[in-house]
file data26.cif (mmCIF, C-alpha atoms)
data_upload
loop_
_atom_site.label_atom_id
_atom_site.label_comp_id
_atom_site.auth_asym_id
_atom_site.auth_seq_id
_atom_site.Cartn_x
_atom_site.Cartn_y
_atom_site.Cartn_z
CA MET L 30 40.20 66.67 -0.83
CA TRP L 31 41.23 63.64 -2.97
CA THR L 32 41.15 61.19 -0.13
CA PRO L 33 37.37 61.19 0.46
CA ARG L 34 36.73 60.96 -3.32
CA LEU L 35 39.17 58.07 -3.64
CA SER L 36 37.61 56.38 -0.68
CA THR L 37 34.13 56.70 -2.21
CA ALA L 38 35.35 55.38 -5.56
CA THR L 39 37.03 52.42 -3.90
CA HIS L 40 33.89 51.75 -1.91
CA ASP L 41 31.72 51.84 -5.04
CA LEU L 42 34.09 49.57 -6.89
CA TRP L 43 34.12 47.19 -3.97
CA ARG L 44 30.33 47.11 -3.82
CA PHE L 45 30.14 46.56 -7.56
CA LEU L 46 32.52 43.58 -7.31
CA VAL L 47 30.69 42.11 -4.33
CA ASP L 48 27.33 42.41 -6.14
CA ARG L 49 28.73 40.74 -9.28
CA ALA L 50 30.27 37.96 -7.19
CA ARG L 51 26.92 37.38 -5.47
CA GLU L 52 25.15 37.24 -8.83
CA VAL L 53 27.60 34.69 -10.17
CA GLN L 54 27.25 32.61 -7.04
CA ALA L 55 23.43 32.71 -7.23
CA ARG L 56 23.58 31.70 -10.89
CA ARG L 57 25.88 28.81 -10.03
CA VAL L 58 23.52 27.58 -7.30
CA ARG L 59 20.54 27.81 -9.67
CA HIS L 60 22.44 25.93 -12.35
CA ARG L 61 23.40 23.22 -9.87
CA GLU L 62 19.78 22.90 -8.69
CA LEU L 63 18.51 22.68 -12.26
CA ARG L 64 21.09 20.04 -13.11
CA ALA L 65 20.09 18.02 -10.06
CA LYS L 66 16.40 18.38 -10.92
CA TYR L 67 16.85 17.19 -14.50
CA SER L 68 19.60 14.64 -13.86
CA PRO L 69 18.91 11.09 -15.08
CA GLU L 70 18.64 9.94 -11.45
CA ALA L 71 16.02 12.57 -10.63
CA ARG L 72 14.09 11.86 -13.83
CA GLY L 73 14.15 8.13 -13.09
CA LEU L 74 12.76 8.65 -9.60
CA LYS L 75 10.10 11.03 -10.91
CA LEU L 76 8.95 8.46 -13.47
CA LEU L 77 8.92 5.74 -10.81
CA ARG L 78 6.77 7.84 -8.48
CA GLU L 79 4.35 8.60 -11.34
CA TRP L 80 3.80 4.88 -11.94
CA LEU L 81 3.63 3.67 -8.34
CA SER L 82 0.21 3.14 -6.78
CA PRO L 83 -0.62 5.70 -4.06
CA GLU L 84 0.15 3.10 -1.35
CA GLN L 85 3.46 2.15 -2.94
CA ARG L 86 4.41 5.82 -3.37
CA GLU L 87 3.68 6.52 0.28
CA GLN L 88 5.69 3.48 1.36
CA PHE L 89 8.60 4.40 -0.91
CA ASN L 90 8.68 7.99 0.32
CA ALA L 91 8.66 6.85 3.93
CA GLU L 92 10.81 3.73 3.82
CA GLY L 93 12.86 3.80 0.61
CA TYR L 94 11.21 0.59 -0.63
CA PHE L 95 7.79 -0.56 -1.80
CA ASP L 96 5.96 -3.89 -1.91
CA VAL L 97 4.43 -5.51 -4.98
CA ILE L 98 2.27 -8.61 -5.38
CA GLY L 99 3.36 -11.13 -8.01
CA CYS L 100 0.60 -11.56 -10.58
CA HIS L 101 0.92 -15.36 -10.80
CA SER L 102 1.91 -16.57 -7.34
CA ARG L 103 0.33 -13.70 -5.34
CA LYS L 104 3.57 -13.66 -3.35
CA LYS L 105 4.74 -10.38 -1.89
CA TYR L 106 8.03 -8.87 -3.03
CA ARG L 107 9.84 -5.87 -1.63
CA ILE L 108 11.73 -3.68 -4.09
CA ARG L 109 14.38 -1.67 -2.31
CA TYR L 110 16.10 1.43 -3.69
CA GLY L 111 18.90 0.19 -5.91
CA SER L 112 19.66 -1.25 -9.28
CA SER L 113 20.75 -4.82 -8.54
CA ALA L 114 20.09 -7.54 -5.96
CA ASN L 115 17.38 -5.26 -4.56
CA ILE L 116 14.32 -7.52 -4.55
CA ASP L 117 13.28 -9.57 -1.54
CA GLU L 118 10.59 -12.20 -1.58
CA LEU L 119 8.73 -11.91 1.72
CA ASN L 120 7.16 -14.72 3.70
CA ASP L 121 3.74 -14.46 5.34
CA ALA L 122 5.29 -12.64 8.30
CA GLY L 123 6.79 -10.03 5.99
CA VAL L 124 10.33 -11.31 6.53
CA PRO L 125 12.66 -11.62 3.52
CA ARG L 126 13.16 -15.30 2.68
CA MET L 127 14.76 -15.10 -0.78
CA GLY L 128 16.54 -12.47 -2.81
CA TRP L 129 15.96 -12.02 -6.53
CA CYS L 130 18.02 -10.15 -9.05
CA PHE L 131 16.93 -9.21 -12.53
CA VAL L 132 17.80 -5.97 -14.30
CA PRO L 133 17.38 -4.31 -17.70
CA ASN L 134 20.01 -5.37 -20.24
CA ILE L 135 21.18 -1.77 -20.70
CA HIS L 136 22.44 0.59 -18.02
CA LEU L 137 19.56 2.53 -16.44
CA VAL L 138 19.28 4.67 -13.34
CA ALA L 139 17.87 3.15 -10.15
CA GLY L 140 14.37 4.63 -10.54
CA ASP L 141 13.97 3.10 -14.00
CA VAL L 142 15.34 -0.27 -12.87
CA MET L 143 12.92 -0.39 -9.94
CA LEU L 144 9.98 0.55 -12.16
CA ALA L 145 10.84 -2.14 -14.71
CA GLN L 146 11.10 -4.67 -11.86
CA LYS L 147 7.74 -3.59 -10.43
CA ILE L 148 5.91 -3.87 -13.76
CA ALA L 149 7.55 -7.21 -14.55
CA LEU L 150 6.48 -8.74 -11.21
CA GLU L 151 2.96 -7.31 -11.37
CA THR L 152 2.28 -8.25 -14.98
CA ASN L 153 4.62 -11.08 -15.97
CA GLU L 154 6.03 -12.58 -12.77
CA ARG L 155 6.82 -16.02 -14.21
CA ASP L 156 9.01 -14.73 -17.04
CA ALA L 157 10.72 -12.20 -14.77
CA LEU L 158 11.69 -14.87 -12.24
CA ALA L 159 12.71 -17.28 -15.00
CA ALA L 160 15.32 -14.74 -16.10
CA ALA L 161 16.31 -13.79 -12.56
CA ASN L 162 19.07 -15.04 -10.32
CA ARG L 163 18.09 -15.84 -6.77
CA PHE L 164 20.06 -15.85 -3.58
CA PRO L 165 19.31 -16.77 0.03
CA ARG L 166 18.23 -13.89 2.25
CA ALA L 167 17.75 -15.59 5.59
CA LEU L 168 21.04 -14.81 7.28
CA PRO L 169 22.00 -16.35 10.60
CA GLN L 170 21.15 -14.14 13.54
CA ALA L 171 24.17 -12.06 14.50
CA SER L 172 25.16 -12.13 18.14
CA PRO L 173 24.88 -8.82 20.03
CA SER L 174 28.67 -8.47 20.10
CA THR L 175 28.86 -8.93 16.31
CA ARG L 176 26.05 -6.45 15.82
CA SER L 177 27.79 -3.80 17.86
CA ARG L 178 30.93 -4.20 15.77
CA SER L 179 29.14 -3.94 12.45
CA ARG L 180 28.97 -0.61 10.70
CA GLY L 181 25.54 0.96 10.55
CA PHE L 182 24.14 3.13 7.77
CA MET J 30 -2.05 14.08 -26.07
CA ALA J 31 -0.88 10.49 -25.74
CA THR J 32 2.65 9.74 -24.61
CA GLN J 33 5.13 6.99 -25.28
CA ILE J 34 7.86 6.87 -22.63
CA VAL J 35 11.07 5.04 -23.43
CA MET J 36 13.53 4.28 -20.63
CA ASP J 37 17.09 5.16 -21.54
CA HIS J 38 20.37 6.41 -20.05
CA THR J 39 18.94 9.93 -19.65
CA GLY J 40 16.14 8.58 -17.43
CA ASP J 41 13.54 8.51 -20.16
CA THR J 42 12.60 10.00 -23.50
CA ARG J 43 9.01 11.02 -24.08
CA HIS J 44 7.23 11.07 -27.43
CA GLN J 45 3.93 12.88 -27.40
CA PHE J 46 1.41 12.57 -30.19
CA ASP J 47 -2.15 13.47 -31.01
CA ALA J 48 -4.12 10.21 -31.18
CA ASP J 49 -6.61 11.88 -33.54
CA ASP J 50 -3.88 12.66 -36.06
CA ILE J 51 -3.61 9.68 -38.43
CA LYS J 52 -0.01 10.40 -39.40
CA ALA J 53 1.09 10.82 -35.78
CA LEU J 54 -0.75 7.65 -34.82
CA ALA J 55 1.00 5.72 -37.59
CA ALA J 56 4.38 7.03 -36.40
CA ALA J 57 3.54 5.98 -32.84
CA GLU J 58 2.57 2.50 -34.03
CA ARG J 59 5.80 2.27 -36.00
CA ARG J 60 7.77 3.28 -32.89
CA PHE J 61 5.89 0.67 -30.85
CA LYS J 62 6.80 -2.06 -33.32
CA GLU J 63 10.45 -0.99 -33.56
CA LEU J 64 10.89 -0.91 -29.80
CA THR J 65 9.15 -4.21 -29.09
CA PHE J 66 11.09 -5.83 -31.96
CA ALA J 67 14.28 -4.54 -30.31
CA GLY J 68 13.33 -6.35 -27.08
CA PHE J 69 11.54 -3.61 -25.17
CA THR J 70 8.41 -4.49 -23.22
CA ALA J 71 5.45 -2.14 -23.46
CA ALA J 72 3.23 -1.46 -20.47
CA VAL J 73 0.11 0.65 -20.32
CA ARG J 74 -1.41 2.32 -17.30
CA THR J 75 -5.17 2.01 -17.15
CA SER J 76 -7.45 4.75 -15.89
CA SER J 77 -7.83 2.85 -12.60
CA GLY J 78 -4.08 3.06 -12.05
CA GLN J 79 -3.43 -0.59 -12.84
CA THR J 80 -0.60 -1.56 -15.15
CA ARG J 81 -0.94 -4.12 -17.95
CA LEU J 82 1.37 -5.36 -20.64
CA ALA J 83 0.62 -4.22 -24.19
CA ARG J 84 1.50 -6.95 -26.69
CA THR J 85 0.10 -4.91 -29.57
CA PHE J 86 -0.19 -1.20 -30.20
CA ASP J 87 -3.12 0.32 -28.35
CA PRO J 88 -4.21 3.55 -30.07
CA THR J 89 -6.38 4.49 -27.09
CA ALA J 90 -3.60 4.24 -24.48
CA GLU J 91 -2.85 7.56 -22.82
CA GLU J 92 0.56 6.51 -21.60
CA THR J 93 2.71 3.62 -22.78
CA LEU J 94 6.00 2.84 -21.08
CA PHE J 95 8.78 0.87 -22.75
CA TYR J 96 11.45 -0.84 -20.67
CA PRO J 97 14.36 -2.92 -21.95
CA ARG J 98 14.64 -6.69 -21.82
CA LEU J 99 15.24 -7.99 -18.29
CA VAL J 100 18.08 -10.38 -17.56
CA GLY J 101 19.45 -12.05 -14.46
CA GLY J 102 21.72 -9.70 -12.57
#
call {"tool": "encode", "arguments": {"input": "data26.cif", "output": "structure tokens"}}
result
Amino acid sequence: MWTPRLSTATHDLWRFLVDRAREVQARRVRHRELRAKYSPEARGLKLLREWLSPEQREQFNAEGYFDVIGCHSRKKYRIRYGSSANIDELNDAGVPRMGWCFVPNIHLVAGDVMLAQKIALETNERDALAAANRFPRALPQASPSTRSRSRGF
Amino acid sequence: MATQIVMDHTGDTRHQFDADDIKALAAAERRFKELTFAGFTAAVRTSSGQTRLARTFDPTAEETLFYPRLVGG
């Protein structure tokens, strides 16, 4: 007579514990999602997307970079995802010929850095490049054997 | 509501104000001057989606973005 009652009580207790554990897990997942949504990185990317032109936004979503036209030289620059050494000056064929690096003087997330770089090149290219460091981008062609050894992303 | 967006370590901080409220407008102008004096650059997005630099406070700007001074990396 006691055995079935005990079994039912154990079963109920077990179900109660499983339900509570599921609730806690769901709450944890929601918390993690909210944190990711409102993290500085996510906020930076959201702000960047808000300020990109529709074409730039589409390009960034598809390729992880976007192109801007310098306001003074009318040269084309490619801003890649990142927060340093992430700007390429493109030649007429769209091939990177020079790298440029300029960043905000305080630590910012990548989205903010890229937005500041975009606005600087589109509205005040001369001053931005005057502050920037440049580096060669045209690397010698790697031989097929070297390419096969290199690590891909 | 007009918005001033300041880039910072949290991503950004947004200050919204009613451009028809004289006190709020004065506070926004004060913030503009403080930030630009501290080395921030102000940029405004026009209705056509173009971005332009704002050297002086524009009370009609819907959205003004402030980013820190840029230096060689």
call {"tool": "atom_distance", "arguments": {"input": "data26.cif", "atom1": "CA of Arg74 in chain J", "atom2": "CA of Ser102 in chain L"}}
result
21.6 Å
call {"tool": "resolve_selection", "arguments": {"input": "data26.cif", "expression": "the PyMOL selection byres ((chain L) within 10 of (chain J))", "output": "PDB file with C-alpha atoms, in the frame of the given file"}}
result
ATOM      1  CA  TYR L  67      16.850  17.190 -14.500  1.00  0.00           C
ATOM      2  CA  SER L  68      19.600  14.640 -13.860  1.00  0.00           C
ATOM      3  CA  PRO L  69      18.910  11.090 -15.080  1.00  0.00           C
ATOM      4  CA  GLU L  70      18.640   9.940 -11.450  1.00  0.00           C
ATOM      5  CA  ALA L  71      16.020  12.570 -10.630  1.00  0.00           C
ATOM      6  CA  ARG L  72      14.090  11.860 -13.830  1.00  0.00           C
ATOM      7  CA  GLY L  73      14.150   8.130 -13.090  1.00  0.00           C
ATOM      8  CA  LEU L  74      12.760   8.650  -9.600  1.00  0.00           C
ATOM      9  CA  LYS L  75      10.100  11.030 -10.910  1.00  0.00           C
ATOM     10  CA  LEU L  76       8.950   8.460 -13.470  1.00  0.00           C
ATOM     11  CA  TRP L  80       3.800   4.880 -11.940  1.00  0.00           C
ATOM     12  CA  LEU L  81       3.630   3.670  -8.340  1.00  0.00           C
ATOM     13  CA  SER L  82       0.210   3.140  -6.780  1.00  0.00           C
ATOM     14  CA  PRO L  83      -0.620   5.700  -4.060  1.00  0.00           C
ATOM     15  CA  SER L 112      19.660  -1.250  -9.280  1.00  0.00           C
ATOM     16  CA  SER L 113      20.750  -4.820  -8.540  1.00  0.00           C
ATOM     17  CA  ALA L 114      20.090  -7.540  -5.960  1.00  0.00           C
ATOM     18  CA  TRP L 129      15.960 -12.020  -6.530  1.00  0.00           C
ATOM     19  CA  CYS L 130      18.020 -10.150  -9.050  1.00  0.00           C
ATOM     20  CA  PHE L 131      16.930  -9.210 -12.530  1.00  0.00           C
ATOM     21  CA  VAL L 132      17.800  -5.970 -14.300  1.00  0.00           C
ATOM     22  CA  PRO L 133      17.380  -4.310 -17.700  1.00  0.00           C
ATOM     23  CA  ASN L 134      20.010  -5.370 -20.240  1.00  0.00           C
ATOM     24  CA  ILE L 135      21.180  -1.770 -20.700  1.00  0.00           C
ATOM     25  CA  HIS L 136      22.440   0.590 -18.020  1.00  0.00           C
ATOM     26  CA  LEU L 137      19.560   2.530 -16.440  1.00  0.00           C
ATOM     27  CA  VAL L 138      19.280   4.670 -13.340  1.00  0.00           C
ATOM     28  CA  ALA L 139      17.870   3.150 -10.150  1.00  0.00           C
ATOM     29  CA  GLY L 140      14.370   4.630 -10.540  1.00  0.00           C
ATOM     30  CA  ASP L 141      13.970   3.100 -14.000  1.00  0.00           C
ATOM     31  CA  VAL L 142      15.340  -0.270 -12.870  1.00  0.00           C
ATOM     32  CA  LEU L 144       9.980   0.550 -12.160  1.00  0.00           C
ATOM     33  CA  ALA L 145      10.840  -2.140 -14.710  1.00  0.00           C
ATOM     34  CA  GLN L 146      11.100  -4.670 -11.860  1.00  0.00           C
ATOM     35  CA  LYS L 147       7.740  -3.590 -10.430  1.00  0.00           C
ATOM     36  CA  ILE L 148       5.910  -3.870 -13.760  1.00  0.00           C
ATOM     37  CA  ALA L 149       7.550  -7.210 -14.550  1.00  0.00           C
ATOM     38  CA  GLU L 151       2.960  -7.310 -11.370  1.00  0.00           C
ATOM     39  CA  THR L 152       2.280  -8.250 -14.980  1.00  0.00           C
ATOM     40  CA  ASN L 153       4.620 -11.080 -15.970  1.00  0.00           C
ATOM     41  CA  ASP L 156       9.010 -14.730 -17.040  1.00  0.00           C
ATOM     42  CA  ALA L 157      10.720 -12.200 -14.770  1.00  0.00           C
ATOM     43  CA  LEU L 158      11.690 -14.870 -12.240  1.00  0.00           C
ATOM     44  CA  ALA L 159      12.710 -17.280 -15.000  1.00  0.00           C
ATOM     45  CA  ALA L 160      15.320 -14.740 -16.100  1.00  0.00           C
ATOM     46  CA  ALA L 161      16.310 -13.790 -12.560  1.00  0.00           C
ATOM     47  CA  ASN L 162      19.070 -15.040 -10.320  1.00  0.00           C
ATOM     48  CA  ARG L 163      18.090 -15.840  -6.770  1.00  0.00           C
TER      49      ARG L 163
END
call {"tool": "resolve_selection", "arguments": {"input": "data26.cif", "expression": "the PyMOL selection byres ((chain L and resi 93) around 12)", "output": "VMD selection string"}}
result
chain L and resid 74 78 85 to 92 94 to 96 107 to 111 115 139 to 140 143
call {"tool": "closest_residue", "arguments": {"input": "data26.cif", "among": "J:Met30, J:Ser76, J:Ala90, J:Ala67", "to": "Asp50 in chain J", "atoms": "all atoms listed in the file"}}
result
J:Met30
call {"tool": "atom_distance", "arguments": {"input": "data26.cif", "atom1": "CA of Val58 in chain L", "atom2": "CA of Leu42 in chain L"}}
result
24.4 Å
call {"tool": "closest_residue", "arguments": {"input": "data26.cif", "among": "L:Arg155, L:Arg166, L:Ala50, L:Tyr106", "to": "Arg126 in chain L", "atoms": "all atoms listed in the file"}}
result
L:Arg166
call {"tool": "atom_distance", "arguments": {"input": "data26.cif", "atom1": "CA of Leu64 in chain J", "atom2": "CA of Ile51 in chain J"}}
result
19.9 Å
call {"tool": "axis_aligned_box", "arguments": {"input": "data26.cif", "around": "range 87-104 of chain L", "padding_each_side": "8 Å", "output": "AutoDock Vina command-line options"}}
result
--center_x 6.6 --center_y -4.3 --center_z -3.4 --size_x 28.5 --size_y 40.6 --size_z 30.7
call {"tool": "resolve_selection", "arguments": {"input": "data26.cif", "expression": "the PyMOL selection byres ((chain J and resi 48) around 10)", "output": "ChimeraX atom specification"}}
result
/J:30-32,45-47,49-55,57,88-91
